[in-house]
Amino acid sequence: MLPERDQAIFQFQMGPYFWKTQGVPIENGRARLYYPFQDKKVVFPTTDDQIPDLIVYFADQQEESRRHSFARIKASELIRQASLMEPEIISVNLKEDRSLDLITDEEFPGRVFLKAMLYSKKPPPMPELTIPEYKRWQLRAHVFCARDIPPADETGSSDPYVKIQIEDKFGFTRAQMATLNPQWFETITLDVDLPPLELFGDTVGMSAQVFDDDDGEDGEHEKYNLIGRSWIPIPQKWVNFQVDNKSYQIIYGKPTWHTIRYDANDQICGKILIGYALIPGDLKDIIPVEDIRPPVRQTKLHMFALGVRNIDTQSFKKPDQIRLKFSAEQRYTTDKEKEETQKPEAQTEIQTEKDAQNEKDAQNEVKAPEIRGKNVYETGNIKIKDHAAHIKQPHTFDLELPTNKELCPLIDVSMFEVDWVRNKTFLGLGQISLPTLLDDFYTKLGKEEKKENQVVTTTNPLLLGFGGMALGNANKRADTVTKEFDTQVGLIKTFKITSTQGISVSKLSIDQDIDPDEVVLENVNKKPEKKDLAAHQRVPKKGMFSSSMFFRKQKFTYVDYDTDPEEDLDIMPEWMNNRETFNDDLEDLLFQNEGSLIQSFPIYSGSTRSDVGLFNNSKPTGKHQIGVFRAIFITQALDLGAEKDIQKRIEHVKEKMKDVPVCIRVYILEGRNLQEEDAEVPPDCYLKVSLGKDEQVDTRVVTSADPGFYKRFDFITTLPGAPDLKIQVWDKDKLNSDDLIGETAVDLERRYFSHHWKSYKNKPIEMRALTHPEKKGYFGRLAMWIDICPVAEEKTLITYPISPPEKMECELRVIVWETHDVAFRDETTKANDLFLRGTVGNNPDWLETDTHWRCRAKGSFNYRWKFPMTLPLDPHQFKANIFKIQMWDRDVVGANDMICEAEIDLNEHRMIDKVYKRKEAVQIKKKWKEKENKEVNMIWYTFYHPEYTDKNGNKISQGRALLSFELMPKELANAKANGIGRGAPNAYPALPDPIGRFNFDILNPLGTFKEILGEEFTEKSAAYCAAQFARSW
């Protein structure tokens, strides 16, 4: 499969070493060399990954400037070949050298077959090479469809067709016009001479090249516009085919999705579904030609077109009016037409590239089914207003849908500009995804077929649901083949090849290329390995507890306690009652998978391909959205039983499509983290809100990165058909023009038709992300909600007087009384130099207690902290109501060690709400169950460390602390002033000095030594000193 040149020269380079062949004529796309090189001694590093690759060049002359294409072969592959008893044939696809641009788009860069080995010792003698005899085969390449083809035309569409090539033979499908998801259902038949398959193994394959059709006036190709290529290997999978009770062996490949790639940048350009049959030449007249068109079911699709929204009028010469054309192209024909396409004489063989163009049209006229014109619908001229075109027209498509959802077509939506003399200019293309719309149809169809086919056999069809051939038992050369059908009828999603040795190859997806060399074999007879339980059991290696027996026996069980359960402690304003808050756009959270009544489909324009090669200065415009088509769809599956309520649903949709004057009420609460590029000071923010040409400006300026706007805007419009609501935040500039900080657009029509959004009695608050039309990045968020109400019902719509909540400055007082059972981090002395630190919410300023040096059984502190707090708390601040407290072991020389920590909810018993509501001091209080439910305000809290857990993953207590909390308004705190720690004024309450602290006593050095090192270590040291003294004595 080499490009047509006078001769082929192959050059090989591996690091500093170089080989080359003599020129060999290229005949029928082949250059038969069978040229053995003399063994060459080379010196390379001993590490495999440091050995350079073997580079293979294809050229038509010896100069480097005539190297057309190349391929790289890893050194590891050459070493693997050397380890085999019989080295294999290596086959690689060549890639075009884009820097030289010597290969045109219509040419395949080539494929080379060679044997190459890299030995670390003396190699065996090179066997004698002989040119084998080629055998005639017939390839039947079944081209079904493609998905996600990139736009090659400036209008945003492509006119794709496929070129199938094997060796020097190739054929074409018919071009599908103005589509990115073409359907062909064509069979390309090529008679080709191939080398012995038993010699070349699975290295034989074919190339599928996808082009954009750019025909001239004479109907012939002026140039090829390559979209991408896919290499399809043809492994030797033999099956038995039965004709008139006789069995014949052929090679068969099931329909498989293959990735399409563009050579220039290796970019993925969609995927193509292709199957094949490789038939021995003497059987081609015996084996009938398959009909690859799938079985279909009659269905009606009712479309209620709303119109096109968000039209980019900059793409028009005169933004006046447009027209839409809908095309549901279905390449499924009548039974009579099927009989015609099944005739063997209808298949045309393309012999050489020289006469390919002359025979292409005749070949495709026979094999390509006709388009069903009844599924083409075109609207009238539609005027553009406020970047939208309103259609509001119903249409019913009579569809023949394939029972295989994978083959379900798409409806192309073509948008045209219409000028004053009614001339149409194609602008862009969109696709309506029928597989998505008809999910219920295929679900019902799958259940029906599943009942009919409880047991699936492999007797037919050959094309696994895509055609009508019979399939016999698999050849003995292959293992038993089991096919697992998906509930989507006729589509094989996975298959399994099971052998008698207990090895299985499982779950090979139809959605990707299948490479037999990359299949992982799983030994199903292998016993499962035992899990390493120790790896999942995290047990602390250190952290012994103190020996305070009194504390361990003492139980502290608290009962939740509130002084007045009936007290109204709701601090939320009225407009916040029963209203949810979402930290993102509602479109991203609610409308993605809700199954909304309305459906949206983007329309694109622009090309991703330039016209010619590397040295062309023209650049593609790039794919960009020029509008969004909106419609409502109802599916009526005729042969799955009539839906009783189908007419009611249609009437309901027609009612929803009527124009309704509505009131749009927008409540904007506050901004969050509003950021302007390179701004060093908070922005001076104000709002602009617009609905079409109606724009309203809030003249108030709020200087803050988190501004509180609390502003309501009212608009009157008509739904469906209203433009997007645009909200902008601007930065006021006294000297220059104002700067846009960010904006957000709300799709009112989508909410109007959303069942989920309508289910909220009180519409939720959303934190909408701001974007900038000329910049990329994060620009902050806007908290807001929207009410939509018909004007006739406007009096029933509650108007909320939104305003920011009143702020209250408060003071939190925390007292650390004592600690018990704190884990030791010093295993030698079994003591901690213990201190505690704490903070509120995300306050970075932590406060610390003093240090209890050499703390063992019990720590004594009697230490007061005071923290400022502002109520009500910011609901968007993470853990604003959490008090964080930690225990640490102080190290005089090195870094301190954290022992454990705890997080305490300050509003667990509504302490925060009580202070804000009562305007008085409130303590956290509980009832002590073991003390006859005695009310206490000094509460024991348990501390943990995340790394210390039991074998079940449960946290292990690392200590306890006795704490008390009191929150009061700032005015009351000033009246009851006190100091930090035990500082003056020591009041409210007065804190005694701690007890049990370490004291240095010069008159009792042994006791001091014992306090520092601990009793156990002191006794061991004394015993050691006594033994040494006795030995010296």
# chains A, B, ... in the order shown; residues from 1 in each chain; ligands from 1
>>> residues_around(residues="segment 422-427 of chain A", least_positions_apart="3", cutoff="8 Å", atoms="only C-alpha atoms", output="list in words")
Thr155, Gly156, Ser414, Met415, Phe416, Glu417, Val418, Asp419 and Ser605 of chain A
>>> residues_around(residues="Asp97 of chain A", least_positions_apart="2", cutoff="8 Å", atoms="only C-alpha atoms", output="number ranges by chain")
A: 67-70, 95, 99-102
>>> write_last_selection(atoms="N, CA and C atoms", output="tab-separated table (two decimals), in the first residue's frame")
chain	number	residue	atom	x	y	z
A	67	ARG	N	12.33	11.87	1.23
A	67	ARG	CA	11.71	10.94	2.18
A	67	ARG	C	10.23	11.32	2.34
A	68	HIS	N	9.38	10.45	1.85
A	68	HIS	CA	7.95	10.75	1.86
A	68	HIS	C	7.31	10.50	3.22
A	69	SER	N	7.64	9.36	3.82
A	69	SER	CA	6.98	8.97	5.06
A	69	SER	C	7.96	8.15	5.90
A	70	PHE	N	7.58	7.89	7.13
A	70	PHE	CA	8.49	7.20	8.05
A	70	PHE	C	7.67	6.48	9.12
A	95	LYS	N	3.95	7.23	8.45
A	95	LYS	CA	3.36	8.55	8.64
A	95	LYS	C	4.04	9.54	7.70
A	99	SER	N	6.99	18.05	7.08
A	99	SER	CA	7.93	19.12	6.75
A	99	SER	C	8.27	19.14	5.27
A	100	LEU	N	8.15	17.98	4.58
A	100	LEU	CA	8.43	17.92	3.15
A	100	LEU	C	7.16	17.96	2.31
A	101	ASP	N	6.06	17.44	2.84
A	101	ASP	CA	4.76	17.52	2.17
A	101	ASP	C	4.82	16.92	0.77
A	102	LEU	N	5.29	15.67	0.68
A	102	LEU	CA	5.43	15.00	-0.61
A	102	LEU	C	4.27	14.06	-0.90
>>> closest_residue(among="A:Ala895, A:Leu33, A:Ile741, A:Cys145", to="Gly777 of chain A", atoms="only C-alpha atoms")
A:Ile741
>>> closest_residue(among="A:Leu226, A:Val308, A:Met85, A:Ala1026", to="Ile626 of chain A", atoms="only C-alpha atoms")
A:Val308
>>> residues_around(residues="segment 193-210 of chain A", least_positions_apart="3", cutoff="6 Å", atoms="only C-alpha atoms", output="list in words")
Ser91, Tyr134, Lys135, Arg136, Tyr161, Val162, Lys163, Ile164, Gln165, Ile166, Ile227, Gly228, Arg229, Ser230, Trp231, Ile232, Pro233, Ile234 and Pro235 of chain A
>>> atom_distance(atom1="atom CA of Val791 of chain A", atom2="atom CA of Tyr667 of chain A")
17.8 Å
>>> closest_residue(among="A:Ile571, A:Leu438, A:Met898, A:Cys663", to="Pro872 of chain A", atoms="only C-alpha atoms")
A:Ile571
>>> closest_residue(among="A:His909, A:Met117, A:Cys789, A:Leu429", to="Lys623 of chain A", atoms="only C-alpha atoms")
A:Leu429
>>> closest_residue(among="A:Ser803, A:Gln923, A:Gln22, A:Asn986", to="Arg712 of chain A", atoms="only C-alpha atoms")
A:Ser803
>>> atom_distance(atom1="atom CA of Asp897 of chain A", atom2="atom CA of Arg825 of chain A")
7.9 Å
>>> select_by_dssp(residues="segment 744-934 of chain A", states="alpha helix (DSSP H)", output="list in words")
Leu748, Glu749, Arg750, Arg751, Tyr752, His755, His756, Trp757, Lys758, Met911, Ile912, Asp913, Lys914, Val915, Tyr916, Lys917 and Arg918 of chain A
>>> closest_residue(among="A:Asn225, A:Gln183, A:Ser690, A:Asn881", to="Asp913 of chain A", atoms="only C-alpha atoms")
A:Asn881
>>> atom_distance(atom1="atom CA of Asn28 of chain A", atom2="atom CA of Val112 of chain A")
14.7 Å
>>> residues_around(residues="Pro151 of chain A", least_positions_apart="5", cutoff="9 Å", atoms="only C-alpha atoms", output="CSV table (one decimal) with all heavy atoms, in the first residue's frame")
chain,number,residue,atom,x,y,z
A,156,GLY,N,-19.6,25.2,8.8
A,156,GLY,CA,-19.8,24.4,10.0
A,156,GLY,C,-20.2,23.0,9.7
A,156,GLY,O,-20.5,22.3,10.6
A,157,SER,N,-20.2,22.6,8.5
A,157,SER,CA,-20.6,21.2,8.1
A,157,SER,C,-19.5,20.5,7.3
A,157,SER,O,-18.4,21.1,7.0
A,157,SER,CB,-21.9,21.2,7.3
A,157,SER,OG,-21.7,21.8,6.1
A,158,SER,N,-19.7,19.3,6.9
A,158,SER,CA,-18.8,18.5,6.1
A,158,SER,C,-19.7,17.8,5.1
A,158,SER,O,-20.9,17.5,5.3
A,158,SER,CB,-17.9,17.6,6.9
A,158,SER,OG,-17.0,18.3,7.6
A,159,ASP,N,-19.1,17.4,4.0
A,159,ASP,CA,-19.7,16.5,3.0
A,159,ASP,C,-18.9,15.2,2.9
A,159,ASP,O,-18.2,15.0,2.0
A,159,ASP,CB,-19.8,17.2,1.6
A,159,ASP,CG,-20.4,18.5,1.7
A,159,ASP,OD1,-21.4,18.7,2.4
A,159,ASP,OD2,-19.9,19.5,1.1
A,179,THR,N,-23.4,17.2,6.7
A,179,THR,CA,-23.7,16.5,7.9
A,179,THR,C,-22.3,16.2,8.6
A,179,THR,O,-21.3,16.0,7.9
A,179,THR,CB,-24.4,15.1,7.6
A,179,THR,OG1,-24.6,14.4,8.8
A,179,THR,CG2,-23.6,14.3,6.7
A,180,LEU,N,-22.4,16.0,9.9
A,180,LEU,CA,-21.2,15.6,10.7
A,180,LEU,C,-21.4,14.3,11.3
A,180,LEU,O,-20.5,13.8,12.0
A,180,LEU,CB,-21.0,16.7,11.8
A,180,LEU,CG,-20.8,18.1,11.4
A,180,LEU,CD1,-20.6,19.0,12.6
A,180,LEU,CD2,-19.7,18.3,10.5
A,212,ASP,N,-13.7,15.2,2.8
A,212,ASP,CA,-14.8,16.1,2.6
A,212,ASP,C,-14.9,16.3,1.1
A,212,ASP,O,-13.9,16.6,0.4
A,212,ASP,CB,-14.5,17.5,3.3
A,212,ASP,CG,-15.5,18.5,3.0
A,212,ASP,OD1,-16.7,18.2,3.2
A,212,ASP,OD2,-15.2,19.6,2.5
A,227,ILE,N,-10.2,14.5,6.0
A,227,ILE,CA,-10.7,14.7,7.4
A,227,ILE,C,-9.9,13.8,8.4
A,227,ILE,O,-9.5,14.3,9.4
A,227,ILE,CB,-12.2,14.3,7.5
A,227,ILE,CG1,-13.0,15.4,6.7
A,227,ILE,CG2,-12.6,14.3,8.9
A,227,ILE,CD1,-14.5,15.1,6.7
A,604,TYR,N,-23.7,25.3,14.7
A,604,TYR,CA,-22.3,25.7,14.6
A,604,TYR,C,-22.0,26.2,13.2
A,604,TYR,O,-22.6,25.7,12.2
A,604,TYR,CB,-21.3,24.6,15.0
A,604,TYR,CG,-21.4,24.2,16.5
A,604,TYR,CD1,-22.1,23.1,16.8
A,604,TYR,CD2,-20.8,25.0,17.4
A,604,TYR,CE1,-22.2,22.7,18.2
A,604,TYR,CE2,-20.8,24.6,18.8
A,604,TYR,CZ,-21.5,23.5,19.1
A,604,TYR,OH,-21.6,23.2,20.5
A,605,SER,N,-21.0,27.0,13.1
A,605,SER,CA,-20.4,27.4,11.8
A,605,SER,C,-18.9,27.4,11.9
A,605,SER,O,-18.4,27.2,13.0
A,605,SER,CB,-20.9,28.8,11.4
A,605,SER,OG,-20.4,29.2,10.1
A,606,GLY,N,-18.2,27.5,10.8
A,606,GLY,CA,-16.7,27.6,10.9
A,606,GLY,C,-16.1,26.2,10.6
A,606,GLY,O,-16.7,25.2,10.7
A,607,SER,N,-14.9,26.3,10.1
A,607,SER,CA,-14.1,25.1,9.7
A,607,SER,C,-13.0,24.8,10.7
A,607,SER,O,-12.4,25.7,11.2
A,607,SER,CB,-13.6,25.2,8.3
A,607,SER,OG,-12.7,24.2,8.0
A,608,THR,N,-12.6,23.5,10.8
A,608,THR,CA,-11.4,23.2,11.6
A,608,THR,C,-10.3,22.7,10.7
A,608,THR,O,-9.3,22.1,11.1
A,608,THR,CB,-11.8,22.1,12.6
A,608,THR,OG1,-12.3,20.9,11.9
A,608,THR,CG2,-12.8,22.5,13.6
A,609,ARG,N,-10.5,22.8,9.4
A,609,ARG,CA,-9.5,22.3,8.4
A,609,ARG,C,-9.2,23.5,7.4
A,609,ARG,O,-10.1,24.2,7.0
A,609,ARG,CB,-10.1,21.2,7.6
A,609,ARG,CG,-10.2,19.9,8.4
A,609,ARG,CD,-8.9,19.2,8.6
A,609,ARG,NE,-9.0,17.9,9.2
A,609,ARG,CZ,-9.0,17.8,10.5
A,609,ARG,NH1,-8.9,18.8,11.3
A,609,ARG,NH2,-9.2,16.6,11.0
A,622,GLY,N,-12.3,28.1,12.6
A,622,GLY,CA,-12.6,27.5,13.8
A,622,GLY,C,-14.1,27.3,14.0
A,622,GLY,O,-14.9,28.1,13.7
A,623,LYS,N,-14.4,26.2,14.7
A,623,LYS,CA,-15.8,25.9,14.9
A,623,LYS,C,-16.4,26.8,16.0
A,623,LYS,O,-15.8,26.9,17.1
A,623,LYS,CB,-16.0,24.4,15.3
A,623,LYS,CG,-17.4,24.0,15.6
A,623,LYS,CD,-17.4,22.5,16.0
A,623,LYS,CE,-18.8,22.0,16.3
A,623,LYS,NZ,-18.7,20.6,16.7
>>> select_by_dssp(residues="segment 21-70 of chain A", states="strand (DSSP E)", output="ChimeraX atom specification")
/A:24-25,54-59,67-70
>>> write_last_selection(atoms="N, CA and C atoms", output="PDB file, in the first residue's frame")
ATOM      1  N   VAL A  24      13.454  -0.124  -5.988  1.00  0.00           N
ATOM      2  CA  VAL A  24      12.649  -1.236  -6.465  1.00  0.00           C
ATOM      3  C   VAL A  24      11.391  -0.661  -7.103  1.00  0.00           C
ATOM      4  N   PRO A  25      10.998  -1.111  -8.289  1.00  0.00           N
ATOM      5  CA  PRO A  25       9.791  -0.566  -8.929  1.00  0.00           C
ATOM      6  C   PRO A  25       8.547  -0.831  -8.078  1.00  0.00           C
ATOM      7  N   LEU A  54      14.387   2.235  15.972  1.00  0.00           N
ATOM      8  CA  LEU A  54      14.703   1.986  14.568  1.00  0.00           C
ATOM      9  C   LEU A  54      13.729   2.802  13.728  1.00  0.00           C
ATOM     10  N   ILE A  55      14.256   3.720  12.893  1.00  0.00           N
ATOM     11  CA  ILE A  55      13.420   4.575  12.060  1.00  0.00           C
ATOM     12  C   ILE A  55      13.476   4.062  10.623  1.00  0.00           C
ATOM     13  N   VAL A  56      12.291   3.849  10.053  1.00  0.00           N
ATOM     14  CA  VAL A  56      12.164   3.354   8.685  1.00  0.00           C
ATOM     15  C   VAL A  56      11.652   4.497   7.813  1.00  0.00           C
ATOM     16  N   TYR A  57      12.371   4.797   6.720  1.00  0.00           N
ATOM     17  CA  TYR A  57      11.977   5.859   5.800  1.00  0.00           C
ATOM     18  C   TYR A  57      11.588   5.249   4.459  1.00  0.00           C
ATOM     19  N   PHE A  58      10.519   5.786   3.859  1.00  0.00           N
ATOM     20  CA  PHE A  58      10.173   5.456   2.478  1.00  0.00           C
ATOM     21  C   PHE A  58      10.491   6.670   1.612  1.00  0.00           C
ATOM     22  N   ALA A  59      11.282   6.445   0.548  1.00  0.00           N
ATOM     23  CA  ALA A  59      11.669   7.524  -0.364  1.00  0.00           C
ATOM     24  C   ALA A  59      11.616   7.004  -1.792  1.00  0.00           C
ATOM     25  N   ARG A  67      12.334  11.865   1.230  1.00  0.00           N
ATOM     26  CA  ARG A  67      11.711  10.941   2.176  1.00  0.00           C
ATOM     27  C   ARG A  67      10.233  11.318   2.336  1.00  0.00           C
ATOM     28  N   HIS A  68       9.375  10.455   1.851  1.00  0.00           N
ATOM     29  CA  HIS A  68       7.948  10.753   1.858  1.00  0.00           C
ATOM     30  C   HIS A  68       7.306  10.498   3.217  1.00  0.00           C
ATOM     31  N   SER A  69       7.644   9.357   3.815  1.00  0.00           N
ATOM     32  CA  SER A  69       6.985   8.965   5.063  1.00  0.00           C
ATOM     33  C   SER A  69       7.962   8.147   5.896  1.00  0.00           C
ATOM     34  N   PHE A  70       7.581   7.894   7.132  1.00  0.00           N
ATOM     35  CA  PHE A  70       8.487   7.199   8.049  1.00  0.00           C
ATOM     36  C   PHE A  70       7.671   6.483   9.119  1.00  0.00           C
TER      37      PHE A  70
END
